[in-house]
Every structure is written in C-alpha cells, then in structure tokens.
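A quick write-up on the structure given underneath.
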Amino acid sequence: MNYLEALSRRYSVKKFNNEIIPQETLHNILESGKLAASSLGLQPYKIIVVESEEMKQKLIPAFYNPSQISTCSHLIVIISKRIIDDSYIHGYFNHISEVRDVPLEKLDLFKKSINQHIVQKTSDEIFNWAEKQSYIVLANLMYAAAIENIDTCPMEGFRQEMIEDILEINPEREKVTVTLALGYRSEEDHFQHMKKVRKPNEKLFKFI
Ligand SMILES: Cc1cc2nc3c(=O)[nH]c(=O)nc-3n(C[C@H](O)[C@H](O)[C@H](O)COP(=O)(O)O)c2cc1C
C-alpha cells in the first residue's frame, strides 16, 4: 500500500474486533518505534507492551473511553523519564562503545558535551524534553501500523495515577505520556466512514 493511502485509511479507532495481531507484524511495528530518532540518541522513554488479557482487563477502568482497551489486540504504553542521571548517561556510552566497537575514551568529548547539556536542564525541562521524544515514537508506531494494515488509536484520555499504580510506575522518576491501542477495526465502528477533517493547505502550510 502506498503510504498516503495507508495514512488516509488510518483513523482513530473507537472499537476494535478483538482479533489478535500476528507476532511478526507486532514485532515489525515495535521495531519502527525502536528506530525512532531521539534527541542526542538518549531515548528517554520506555515502552510497555500489554498483551495479556488479564492486564488489559485491569487497565480498562483507567481509561475514560474503555471501548478501545476492551477490544484491542495490544496496548502500547509510552513512559517518559523525569530523570536522566550520570548512571543513565554512562550506560548509554557503554552501549555505544559496545555496539560500534569504539573505546570509551574516544567518546569522552561527546559524553562531556551531553553531560553539560543535560546538567543545565531543570527536572521539568528534562521531562518536557523527554515527552517530546515519546511522541516521535508514537508517530513511528502509528505510521508503521498503518503500512502494515493494522489499526490504532492513540490515547491520552486515561487516569494518570490509576494507570501508573497498575503498571507500577514510580511517578518520581517517570510518567505515562501516551498510549496506543492496536488491532483491527470493528465493522460496527462508524467512525471509519467519516470524512477526515483537516485544515486546508493554505491555512496549514506557508511556502516562503
Ligand atoms: C496524542 C493524542 C492523544 C489522543 N487521545 C485520544 C483519546 O484519549 N481517545 C480517543 O478516542 N482519541 C484520542 N486521540 C485521537 C484524536 O482525537 C484523533 O487523532 C483526531 O480527532 C483526528 O482523527 P483521526 O485520527 O481519526 O484522523 C488522540 C490523538 C492523539 C494524537
């Protein structure tokens, strides 16, 4: 499918049909989330993939509109970091060193500049910055799913404390930013027949 066709077919599903996405397709979609660009490459987020029926059931009351959660195949929860400390940065550089087979000393300048950049930021700034990166992951996942013919609904409409309690998130260190339900649209979901509402080009784009 052409990517514009896939994106035009995509809509935010209100009700899925309970069918389960094949493992390989899910794996490919998750890989696209992994491949998302992130500022300084730090990936200041973590991604929980809810696949067990038991956990989906537990999470239903945490959503204002539960119909997607009770009918989806998988629910992805993107969690942003509030804290980027020395040990996190250290771990990142050890990883670069391993993957690219470069001695750690050679990365020292880069490490120092990242450290300086991060140290200057307040914890609120770190968190705002981390959340922006999380939305890039969301966009990649939605785009890949559309290409794979998998339907989605991005959702911010959840009870923050409840979802974090259920998923055992430490709210001092991280926060659930956004979730993405995946599956196959139900024939009963009339939203699939609605025309897309988007700003006309002259209001959205400015060519200079
Ligand atoms: C970050 C984000 C959060 C959203 N949260 C919800 C939500 O909680 N519940 C819901 O039904 N739709 C949610 N939506 C879907 C939007 O309402 C939808 O994308 C928008 O109305 C455009 O419609 P379309 O996606 O069907 O083209 C969200 C979308 C985004 C990007």
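Identifiers in this document derive from the order of the structure tokens: chains are assigned A, B, ..., residues are numbered from 1 separately in each chain, and ligands are numbered from 1 in order of occurrence.
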Query raised in the report: Using only C-alpha atoms, which residues sit within 12 Å of A:Lys106 once same-chain residues fewer than 4 positions away are excluded, as JSON, numbers by chain?
Result: {"A": [93, 94, 96, 97, 100, 101, 102, 110, 111, 112]}
Give me a file of those residues, with N, CA, C and O atoms, as a CSV table (one decimal), in the first residue's frame.
```csv
chain,number,residue,atom,x,y,z
A,93,PHE,N,26.7,5.4,27.0
A,93,PHE,CA,28.0,5.4,26.3
A,93,PHE,C,28.7,4.0,26.3
A,93,PHE,O,29.3,3.7,25.3
A,94,ASN,N,28.4,3.3,27.4
A,94,ASN,CA,28.9,1.9,27.3
A,94,ASN,C,28.3,1.1,26.2
A,94,ASN,O,29.0,0.4,25.5
A,96,ILE,N,27.1,2.5,23.3
A,96,ILE,CA,27.7,2.9,22.0
A,96,ILE,C,29.0,2.2,21.8
A,96,ILE,O,29.3,1.7,20.7
A,97,SER,N,29.8,2.2,22.9
A,97,SER,CA,31.1,1.7,22.8
A,97,SER,C,31.1,0.2,22.3
A,97,SER,O,31.8,-0.3,21.5
A,100,ARG,N,29.4,-0.1,18.6
A,100,ARG,CA,30.2,0.4,17.4
A,100,ARG,C,31.7,0.0,17.6
A,100,ARG,O,32.5,0.4,16.8
A,101,ASP,N,32.0,-0.8,18.7
A,101,ASP,CA,33.3,-1.2,18.9
A,101,ASP,C,34.3,-0.1,18.9
A,101,ASP,O,35.3,-0.1,18.2
A,102,VAL,N,34.0,0.9,19.7
A,102,VAL,CA,34.8,2.1,19.9
A,102,VAL,C,35.2,2.2,21.3
A,102,VAL,O,34.4,2.0,22.2
A,110,PHE,N,32.2,13.7,23.4
A,110,PHE,CA,30.8,13.7,23.1
A,110,PHE,C,30.0,13.5,24.5
A,110,PHE,O,29.0,14.2,24.7
A,111,LYS,N,30.6,12.6,25.3
A,111,LYS,CA,30.0,12.4,26.6
A,111,LYS,C,29.9,13.7,27.4
A,111,LYS,O,28.9,14.0,28.1
A,112,LYS,N,31.1,14.4,27.4
A,112,LYS,CA,31.1,15.6,28.2
A,112,LYS,C,30.1,16.6,27.7
A,112,LYS,O,29.4,17.3,28.5
```
Requested in this report: Find the residues near stretch 54-66 of chain A: any atom within 6 Å, counting only C-alpha atoms, skip ones fewer than 3 places away on the same chain, and give them as a ChimeraX atom specification.
Outcome: /A:69,157-159,162-163
For those residues, write all heavy atoms to a file as a PDB file, in the first residue's frame.
```
ATOM      1  N   ILE A  69      -9.826  -0.320  24.755  1.00  0.00           N
ATOM      2  CA  ILE A  69      -8.976  -1.219  25.566  1.00  0.00           C
ATOM      3  C   ILE A  69      -9.613  -2.610  25.666  1.00  0.00           C
ATOM      4  O   ILE A  69      -8.937  -3.630  25.642  1.00  0.00           O
ATOM      5  CB  ILE A  69      -8.754  -0.649  26.998  1.00  0.00           C
ATOM      6  CG1 ILE A  69      -8.409   0.841  26.935  1.00  0.00           C
ATOM      7  CG2 ILE A  69      -7.662  -1.436  27.749  1.00  0.00           C
ATOM      8  CD1 ILE A  69      -7.254   1.201  26.047  1.00  0.00           C
ATOM      9  N   GLY A 157      -6.405   9.900  27.034  1.00  0.00           N
ATOM     10  CA  GLY A 157      -7.542  10.009  27.954  1.00  0.00           C
ATOM     11  C   GLY A 157      -7.540   8.903  28.988  1.00  0.00           C
ATOM     12  O   GLY A 157      -8.372   7.991  28.949  1.00  0.00           O
ATOM     13  N   PHE A 158      -6.590   8.985  29.928  1.00  0.00           N
ATOM     14  CA  PHE A 158      -6.537   7.967  30.992  1.00  0.00           C
ATOM     15  C   PHE A 158      -6.325   8.643  32.339  1.00  0.00           C
ATOM     16  O   PHE A 158      -5.911   9.800  32.415  1.00  0.00           O
ATOM     17  CB  PHE A 158      -5.426   6.937  30.738  1.00  0.00           C
ATOM     18  CG  PHE A 158      -4.099   7.559  30.365  1.00  0.00           C
ATOM     19  CD1 PHE A 158      -3.287   8.144  31.327  1.00  0.00           C
ATOM     20  CD2 PHE A 158      -3.666   7.560  29.046  1.00  0.00           C
ATOM     21  CE1 PHE A 158      -2.066   8.715  30.975  1.00  0.00           C
ATOM     22  CE2 PHE A 158      -2.451   8.133  28.685  1.00  0.00           C
ATOM     23  CZ  PHE A 158      -1.652   8.713  29.654  1.00  0.00           C
ATOM     24  N   ARG A 159      -6.638   7.903  33.387  1.00  0.00           N
ATOM     25  CA  ARG A 159      -6.444   8.411  34.751  1.00  0.00           C
ATOM     26  C   ARG A 159      -4.989   8.132  35.140  1.00  0.00           C
ATOM     27  O   ARG A 159      -4.606   6.974  35.336  1.00  0.00           O
ATOM     28  CB  ARG A 159      -7.419   7.715  35.711  1.00  0.00           C
ATOM     29  CG  ARG A 159      -8.854   8.025  35.388  1.00  0.00           C
ATOM     30  CD  ARG A 159      -9.855   7.249  36.238  1.00  0.00           C
ATOM     31  NE  ARG A 159     -11.207   7.671  35.931  1.00  0.00           N
ATOM     32  CZ  ARG A 159     -11.952   7.179  34.939  1.00  0.00           C
ATOM     33  NH1 ARG A 159     -11.482   6.214  34.162  1.00  0.00           N
ATOM     34  NH2 ARG A 159     -13.165   7.648  34.709  1.00  0.00           N
ATOM     35  N   MET A 162      -4.043   6.137  38.332  1.00  0.00           N
ATOM     36  CA  MET A 162      -4.518   4.747  38.287  1.00  0.00           C
ATOM     37  C   MET A 162      -3.646   3.902  37.352  1.00  0.00           C
ATOM     38  O   MET A 162      -3.206   2.804  37.703  1.00  0.00           O
ATOM     39  CB  MET A 162      -5.973   4.731  37.817  1.00  0.00           C
ATOM     40  CG  MET A 162      -6.665   3.432  38.109  1.00  0.00           C
ATOM     41  SD  MET A 162      -8.323   3.355  37.424  1.00  0.00           S
ATOM     42  CE  MET A 162      -9.245   4.125  38.688  1.00  0.00           C
ATOM     43  N   ILE A 163      -3.365   4.446  36.168  1.00  0.00           N
ATOM     44  CA  ILE A 163      -2.579   3.661  35.197  1.00  0.00           C
ATOM     45  C   ILE A 163      -1.169   3.430  35.752  1.00  0.00           C
ATOM     46  O   ILE A 163      -0.595   2.343  35.603  1.00  0.00           O
ATOM     47  CB  ILE A 163      -2.581   4.329  33.797  1.00  0.00           C
ATOM     48  CG1 ILE A 163      -2.147   3.330  32.727  1.00  0.00           C
ATOM     49  CG2 ILE A 163      -1.688   5.535  33.696  1.00  0.00           C
ATOM     50  CD1 ILE A 163      -2.327   3.824  31.296  1.00  0.00           C
TER      51      ILE A 163
END
```
Given only C-alpha atoms and all ligand atoms, how would the per-residue table for chain A near ligand 1 read, listing every residue at most 10 Å away with its closest atom pair and distance in Å to one decimal, sorted by chain and number, as JSON lines?
```
{"residue": "A:Leu7", "atom": "CA", "partner": "ligand 1", "partner_atom_place_in_ligand_line": "27 (O)", "distance": 8.7}
{"residue": "A:Ser8", "atom": "CA", "partner": "ligand 1", "partner_atom_place_in_ligand_line": "27 (O)", "distance": 8.0}
{"residue": "A:Arg9", "atom": "CA", "partner": "ligand 1", "partner_atom_place_in_ligand_line": "27 (O)", "distance": 8.9}
{"residue": "A:Arg10", "atom": "CA", "partner": "ligand 1", "partner_atom_place_in_ligand_line": "27 (O)", "distance": 6.7}
{"residue": "A:Tyr11", "atom": "CA", "partner": "ligand 1", "partner_atom_place_in_ligand_line": "26 (O)", "distance": 3.4}
{"residue": "A:Ser12", "atom": "CA", "partner": "ligand 1", "partner_atom_place_in_ligand_line": "26 (O)", "distance": 3.9}
{"residue": "A:Val13", "atom": "CA", "partner": "ligand 1", "partner_atom_place_in_ligand_line": "26 (O)", "distance": 6.9}
{"residue": "A:Lys14", "atom": "CA", "partner": "ligand 1", "partner_atom_place_in_ligand_line": "11 (O)", "distance": 5.9}
{"residue": "A:Lys15", "atom": "CA", "partner": "ligand 1", "partner_atom_place_in_ligand_line": "11 (O)", "distance": 9.4}
{"residue": "A:Phe63", "atom": "CA", "partner": "ligand 1", "partner_atom_place_in_ligand_line": "8 (O)", "distance": 7.9}
{"residue": "A:Tyr64", "atom": "CA", "partner": "ligand 1", "partner_atom_place_in_ligand_line": "8 (O)", "distance": 7.4}
{"residue": "A:Asn65", "atom": "CA", "partner": "ligand 1", "partner_atom_place_in_ligand_line": "9 (N)", "distance": 6.5}
{"residue": "A:Pro66", "atom": "CA", "partner": "ligand 1", "partner_atom_place_in_ligand_line": "9 (N)", "distance": 9.1}
{"residue": "A:Ser67", "atom": "CA", "partner": "ligand 1", "partner_atom_place_in_ligand_line": "11 (O)", "distance": 9.1}
{"residue": "A:Gln68", "atom": "CA", "partner": "ligand 1", "partner_atom_place_in_ligand_line": "11 (O)", "distance": 7.9}
{"residue": "A:Tyr135", "atom": "CA", "partner": "ligand 1", "partner_atom_place_in_ligand_line": "1 (C)", "distance": 7.4}
{"residue": "A:Leu138", "atom": "CA", "partner": "ligand 1", "partner_atom_place_in_ligand_line": "1 (C)", "distance": 8.2}
{"residue": "A:Ala139", "atom": "CA", "partner": "ligand 1", "partner_atom_place_in_ligand_line": "31 (C)", "distance": 8.3}
{"residue": "A:Met142", "atom": "CA", "partner": "ligand 1", "partner_atom_place_in_ligand_line": "31 (C)", "distance": 9.6}
{"residue": "A:Thr152", "atom": "CA", "partner": "ligand 1", "partner_atom_place_in_ligand_line": "25 (O)", "distance": 8.8}
{"residue": "A:Cys153", "atom": "CA", "partner": "ligand 1", "partner_atom_place_in_ligand_line": "12 (N)", "distance": 6.2}
{"residue": "A:Pro154", "atom": "CA", "partner": "ligand 1", "partner_atom_place_in_ligand_line": "28 (C)", "distance": 4.8}
{"residue": "A:Met155", "atom": "CA", "partner": "ligand 1", "partner_atom_place_in_ligand_line": "5 (N)", "distance": 3.4}
{"residue": "A:Glu156", "atom": "CA", "partner": "ligand 1", "partner_atom_place_in_ligand_line": "8 (O)", "distance": 4.1}
{"residue": "A:Gly157", "atom": "CA", "partner": "ligand 1", "partner_atom_place_in_ligand_line": "8 (O)", "distance": 3.4}
{"residue": "A:Phe158", "atom": "CA", "partner": "ligand 1", "partner_atom_place_in_ligand_line": "8 (O)", "distance": 6.8}
{"residue": "A:Thr177", "atom": "CA", "partner": "ligand 1", "partner_atom_place_in_ligand_line": "1 (C)", "distance": 8.7}
{"residue": "A:Val178", "atom": "CA", "partner": "ligand 1", "partner_atom_place_in_ligand_line": "1 (C)", "distance": 6.5}
{"residue": "A:Thr179", "atom": "CA", "partner": "ligand 1", "partner_atom_place_in_ligand_line": "3 (C)", "distance": 7.9}
{"residue": "A:Leu180", "atom": "CA", "partner": "ligand 1", "partner_atom_place_in_ligand_line": "3 (C)", "distance": 8.7}
{"residue": "A:Ala181", "atom": "CA", "partner": "ligand 1", "partner_atom_place_in_ligand_line": "9 (N)", "distance": 9.9}
{"residue": "A:Phe191", "atom": "CA", "partner": "ligand 1", "partner_atom_place_in_ligand_line": "26 (O)", "distance": 7.5}
{"residue": "A:Gln192", "atom": "CA", "partner": "ligand 1", "partner_atom_place_in_ligand_line": "26 (O)", "distance": 7.8}
{"residue": "A:Met194", "atom": "CA", "partner": "ligand 1", "partner_atom_place_in_ligand_line": "26 (O)", "distance": 8.5}
{"residue": "A:Lys195", "atom": "CA", "partner": "ligand 1", "partner_atom_place_in_ligand_line": "27 (O)", "distance": 8.7}
{"residue": "A:Lys196", "atom": "CA", "partner": "ligand 1", "partner_atom_place_in_ligand_line": "27 (O)", "distance": 5.8}
{"residue": "A:Val197", "atom": "CA", "partner": "ligand 1", "partner_atom_place_in_ligand_line": "27 (O)", "distance": 7.3}
{"residue": "A:Arg198", "atom": "CA", "partner": "ligand 1", "partner_atom_place_in_ligand_line": "22 (C)", "distance": 8.2}
```
Those same residues, written as a compact mmCIF listing (two decimals), in the first residue's frame with N, CA, C and O atoms?
```
# COMPACT_ATOMS: atom_id res chain seq x y z
N LEU A 7 -2.05 6.19 5.18
CA LEU A 7 -2.35 7.24 6.16
C LEU A 7 -3.78 7.76 6.02
O LEU A 7 -4.37 8.20 7.00
N SER A 8 -4.32 7.70 4.80
CA SER A 8 -5.71 8.14 4.62
C SER A 8 -6.67 7.10 5.18
O SER A 8 -7.74 7.43 5.70
N ARG A 9 -6.27 5.84 5.08
CA ARG A 9 -7.11 4.76 5.61
C ARG A 9 -7.10 4.78 7.14
O ARG A 9 -8.06 4.39 7.78
N ARG A 10 -5.97 5.22 7.71
CA ARG A 10 -5.84 5.26 9.17
C ARG A 10 -6.85 6.22 9.80
O ARG A 10 -7.09 7.30 9.29
N TYR A 11 -7.45 5.82 10.87
CA TYR A 11 -8.27 6.75 11.67
C TYR A 11 -8.17 6.26 13.11
O TYR A 11 -7.73 5.13 13.37
N SER A 12 -8.59 7.10 14.03
CA SER A 12 -8.50 6.70 15.44
C SER A 12 -9.70 5.83 15.78
O SER A 12 -10.83 6.31 15.93
N VAL A 13 -9.41 4.54 15.88
CA VAL A 13 -10.46 3.53 16.06
C VAL A 13 -11.11 3.66 17.43
O VAL A 13 -10.44 3.85 18.44
N LYS A 14 -12.43 3.57 17.45
CA LYS A 14 -13.15 3.62 18.74
C LYS A 14 -13.48 2.22 19.23
O LYS A 14 -13.64 1.99 20.42
N LYS A 15 -13.62 1.29 18.27
CA LYS A 15 -13.92 -0.09 18.68
C LYS A 15 -13.19 -1.06 17.74
O LYS A 15 -13.36 -0.97 16.52
N PHE A 63 -9.14 4.08 31.85
CA PHE A 63 -9.39 4.86 30.63
C PHE A 63 -10.78 5.49 30.65
O PHE A 63 -11.75 4.85 31.06
N TYR A 64 -10.86 6.76 30.21
CA TYR A 64 -12.16 7.44 30.17
C TYR A 64 -13.05 6.81 29.11
O TYR A 64 -14.26 6.77 29.26
N ASN A 65 -12.43 6.35 28.01
CA ASN A 65 -13.21 5.68 26.98
C ASN A 65 -12.66 4.26 26.84
O ASN A 65 -11.69 4.03 26.13
N PRO A 66 -13.28 3.30 27.55
CA PRO A 66 -12.67 1.97 27.65
C PRO A 66 -12.89 1.07 26.43
O PRO A 66 -12.28 0.01 26.35
N SER A 67 -13.71 1.49 25.46
CA SER A 67 -14.09 0.54 24.40
C SER A 67 -12.89 0.10 23.57
O SER A 67 -12.85 -1.05 23.11
N GLN A 68 -11.90 0.97 23.42
CA GLN A 68 -10.72 0.54 22.66
C GLN A 68 -9.92 -0.51 23.44
O GLN A 68 -9.41 -1.47 22.86
N TYR A 135 6.57 11.27 21.79
CA TYR A 135 5.59 11.43 20.71
C TYR A 135 6.16 11.06 19.35
O TYR A 135 5.41 10.71 18.43
N LEU A 138 5.57 7.46 19.22
CA LEU A 138 4.15 7.24 18.92
C LEU A 138 3.89 7.37 17.42
O LEU A 138 3.22 6.51 16.82
N ALA A 139 4.42 8.44 16.82
CA ALA A 139 4.17 8.68 15.39
C ALA A 139 4.75 7.55 14.54
O ALA A 139 4.10 7.06 13.61
N MET A 142 2.50 4.48 14.85
CA MET A 142 1.23 4.63 14.13
C MET A 142 1.43 4.53 12.62
O MET A 142 0.63 3.94 11.90
N THR A 152 -5.19 1.54 14.73
CA THR A 152 -4.67 2.06 16.02
C THR A 152 -5.61 3.12 16.59
O THR A 152 -6.43 3.69 15.86
N CYS A 153 -5.41 3.40 17.87
CA CYS A 153 -5.98 4.62 18.45
C CYS A 153 -4.99 5.17 19.48
O CYS A 153 -4.72 4.51 20.49
N PRO A 154 -4.43 6.36 19.22
CA PRO A 154 -3.58 6.97 20.24
C PRO A 154 -4.48 7.49 21.35
O PRO A 154 -5.55 8.02 21.07
N MET A 155 -4.08 7.33 22.60
CA MET A 155 -4.96 7.75 23.69
C MET A 155 -4.20 8.42 24.83
O MET A 155 -3.26 7.85 25.39
N GLU A 156 -4.66 9.63 25.13
CA GLU A 156 -4.16 10.35 26.32
C GLU A 156 -5.23 10.41 27.38
O GLU A 156 -4.99 10.95 28.46
N GLY A 157 -6.41 9.90 27.03
CA GLY A 157 -7.54 10.01 27.95
C GLY A 157 -7.54 8.90 28.99
O GLY A 157 -8.37 7.99 28.95
N PHE A 158 -6.59 8.98 29.93
CA PHE A 158 -6.54 7.97 30.99
C PHE A 158 -6.32 8.64 32.34
O PHE A 158 -5.91 9.80 32.41
N THR A 177 3.07 8.91 29.33
CA THR A 177 2.79 10.06 28.47
C THR A 177 1.60 9.80 27.56
O THR A 177 0.69 10.60 27.47
N VAL A 178 1.62 8.68 26.88
CA VAL A 178 0.57 8.42 25.90
C VAL A 178 0.49 6.91 25.68
O VAL A 178 1.46 6.18 25.94
N THR A 179 -0.66 6.46 25.22
CA THR A 179 -0.83 5.02 24.97
C THR A 179 -1.31 4.84 23.52
O THR A 179 -1.83 5.78 22.91
N LEU A 180 -1.14 3.63 23.02
CA LEU A 180 -1.58 3.34 21.65
C LEU A 180 -2.23 1.96 21.63
O LEU A 180 -1.56 0.95 21.88
N ALA A 181 -3.52 1.95 21.35
CA ALA A 181 -4.22 0.67 21.21
C ALA A 181 -4.07 0.20 19.76
O ALA A 181 -4.16 1.01 18.83
N PHE A 191 -17.04 5.37 12.93
CA PHE A 191 -16.04 6.44 12.69
C PHE A 191 -15.21 6.17 11.42
O PHE A 191 -14.71 7.10 10.81
N GLN A 192 -15.09 4.89 11.05
CA GLN A 192 -14.28 4.58 9.86
C GLN A 192 -14.88 5.16 8.58
O GLN A 192 -14.20 5.31 7.58
N MET A 194 -16.33 8.17 8.39
CA MET A 194 -16.38 9.64 8.42
C MET A 194 -15.24 10.25 7.62
O MET A 194 -14.13 9.72 7.61
N LYS A 195 -15.55 11.37 6.98
CA LYS A 195 -14.50 12.06 6.22
C LYS A 195 -13.48 12.65 7.17
O LYS A 195 -13.83 13.07 8.28
N LYS A 196 -12.23 12.72 6.72
CA LYS A 196 -11.18 13.34 7.55
C LYS A 196 -11.40 14.84 7.61
O LYS A 196 -11.72 15.47 6.59
N VAL A 197 -11.22 15.41 8.79
CA VAL A 197 -11.31 16.87 8.93
C VAL A 197 -9.90 17.40 9.14
O VAL A 197 -9.26 17.12 10.15
N ARG A 198 -9.40 18.11 8.16
CA ARG A 198 -8.04 18.67 8.24
C ARG A 198 -8.07 20.09 7.69
O ARG A 198 -8.87 20.40 6.81
```
Query raised in the report: Near A:Leu141, counting only C-alpha atoms, which residues have an atom at most 9 Å away, once you skip same-chain residues fewer than 4 positions from it, shown as a list in words?
Result: Ile29, Leu30, Glu31, Ser32, Gly33, Lys34, Ala36, Ile136, Val137, Ala145, Ala146 and Leu180 of chain A
Query raised in the report: Taking only C-alpha atoms into account, which of A:Asn115, A:Asn28, A:Asn18, A:Ser123 comes nearest A:Tyr143?
Result: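 When distances to A:Tyr143 are compared using only C-alpha atoms, the smallest one comes from A:Asn28.
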**Report entry** Near-A:Arg82 list (12 Å; only C-alpha atoms; drop same-chain fewer than 3 positions) as number ranges by chain
**Finding:** A: 44-46, 79, 85, 88, 118, 121-131, 169-177
Those in stretch 108-204 of chain A with strand (DSSP E or B) from DSSP, as a PDB file with N, CA and C atoms, in the first residue's frame:
```
ATOM      1  N   ASP A 151      -4.821  -1.350  12.595  1.00  0.00           N
ATOM      2  CA  ASP A 151      -5.497  -0.135  13.058  1.00  0.00           C
ATOM      3  C   ASP A 151      -5.023   0.253  14.456  1.00  0.00           C
ATOM      4  N   THR A 152      -5.185   1.542  14.734  1.00  0.00           N
ATOM      5  CA  THR A 152      -4.674   2.057  16.018  1.00  0.00           C
ATOM      6  C   THR A 152      -5.611   3.121  16.589  1.00  0.00           C
ATOM      7  N   CYS A 153      -5.414   3.402  17.871  1.00  0.00           N
ATOM      8  CA  CYS A 153      -5.985   4.624  18.450  1.00  0.00           C
ATOM      9  C   CYS A 153      -4.994   5.168  19.477  1.00  0.00           C
ATOM     10  N   PRO A 154      -4.434   6.362  19.219  1.00  0.00           N
ATOM     11  CA  PRO A 154      -3.576   6.975  20.241  1.00  0.00           C
ATOM     12  C   PRO A 154      -4.484   7.492  21.350  1.00  0.00           C
ATOM     13  N   MET A 155      -4.077   7.330  22.599  1.00  0.00           N
ATOM     14  CA  MET A 155      -4.962   7.749  23.692  1.00  0.00           C
ATOM     15  C   MET A 155      -4.199   8.419  24.830  1.00  0.00           C
ATOM     16  N   PHE A 158      -6.590   8.985  29.928  1.00  0.00           N
ATOM     17  CA  PHE A 158      -6.537   7.967  30.992  1.00  0.00           C
ATOM     18  C   PHE A 158      -6.325   8.643  32.339  1.00  0.00           C
ATOM     19  N   GLU A 174       9.364   8.685  36.488  1.00  0.00           N
ATOM     20  CA  GLU A 174       8.831   8.590  35.134  1.00  0.00           C
ATOM     21  C   GLU A 174       7.325   8.837  35.114  1.00  0.00           C
ATOM     22  N   LYS A 175       6.811   9.027  33.908  1.00  0.00           N
ATOM     23  CA  LYS A 175       5.372   9.317  33.788  1.00  0.00           C
ATOM     24  C   LYS A 175       4.818   8.678  32.507  1.00  0.00           C
ATOM     25  N   VAL A 176       3.605   8.133  32.611  1.00  0.00           N
ATOM     26  CA  VAL A 176       2.957   7.626  31.400  1.00  0.00           C
ATOM     27  C   VAL A 176       2.541   8.834  30.565  1.00  0.00           C
ATOM     28  N   THR A 177       3.070   8.908  29.334  1.00  0.00           N
ATOM     29  CA  THR A 177       2.791  10.058  28.470  1.00  0.00           C
ATOM     30  C   THR A 177       1.600   9.798  27.564  1.00  0.00           C
ATOM     31  N   VAL A 178       1.622   8.680  26.878  1.00  0.00           N
ATOM     32  CA  VAL A 178       0.571   8.416  25.896  1.00  0.00           C
ATOM     33  C   VAL A 178       0.490   6.907  25.678  1.00  0.00           C
ATOM     34  N   THR A 179      -0.658   6.456  25.218  1.00  0.00           N
ATOM     35  CA  THR A 179      -0.827   5.023  24.968  1.00  0.00           C
ATOM     36  C   THR A 179      -1.313   4.839  23.519  1.00  0.00           C
ATOM     37  N   LEU A 180      -1.135   3.632  23.023  1.00  0.00           N
ATOM     38  CA  LEU A 180      -1.577   3.342  21.653  1.00  0.00           C
ATOM     39  C   LEU A 180      -2.227   1.963  21.628  1.00  0.00           C
ATOM     40  N   ALA A 181      -3.518   1.948  21.348  1.00  0.00           N
ATOM     41  CA  ALA A 181      -4.218   0.667  21.207  1.00  0.00           C
ATOM     42  C   ALA A 181      -4.067   0.203  19.762  1.00  0.00           C
ATOM     43  N   LEU A 182      -3.824  -1.107  19.585  1.00  0.00           N
ATOM     44  CA  LEU A 182      -3.650  -1.656  18.235  1.00  0.00           C
ATOM     45  C   LEU A 182      -4.580  -2.844  18.032  1.00  0.00           C
ATOM     46  N   GLY A 183      -4.990  -3.039  16.803  1.00  0.00           N
ATOM     47  CA  GLY A 183      -5.849  -4.182  16.492  1.00  0.00           C
ATOM     48  C   GLY A 183      -6.450  -4.030  15.121  1.00  0.00           C
ATOM     49  N   ARG A 185     -10.054  -2.810  13.128  1.00  0.00           N
ATOM     50  CA  ARG A 185     -11.299  -2.056  13.299  1.00  0.00           C
ATOM     51  C   ARG A 185     -12.516  -2.984  13.298  1.00  0.00           C
TER      52      ARG A 185
END
```
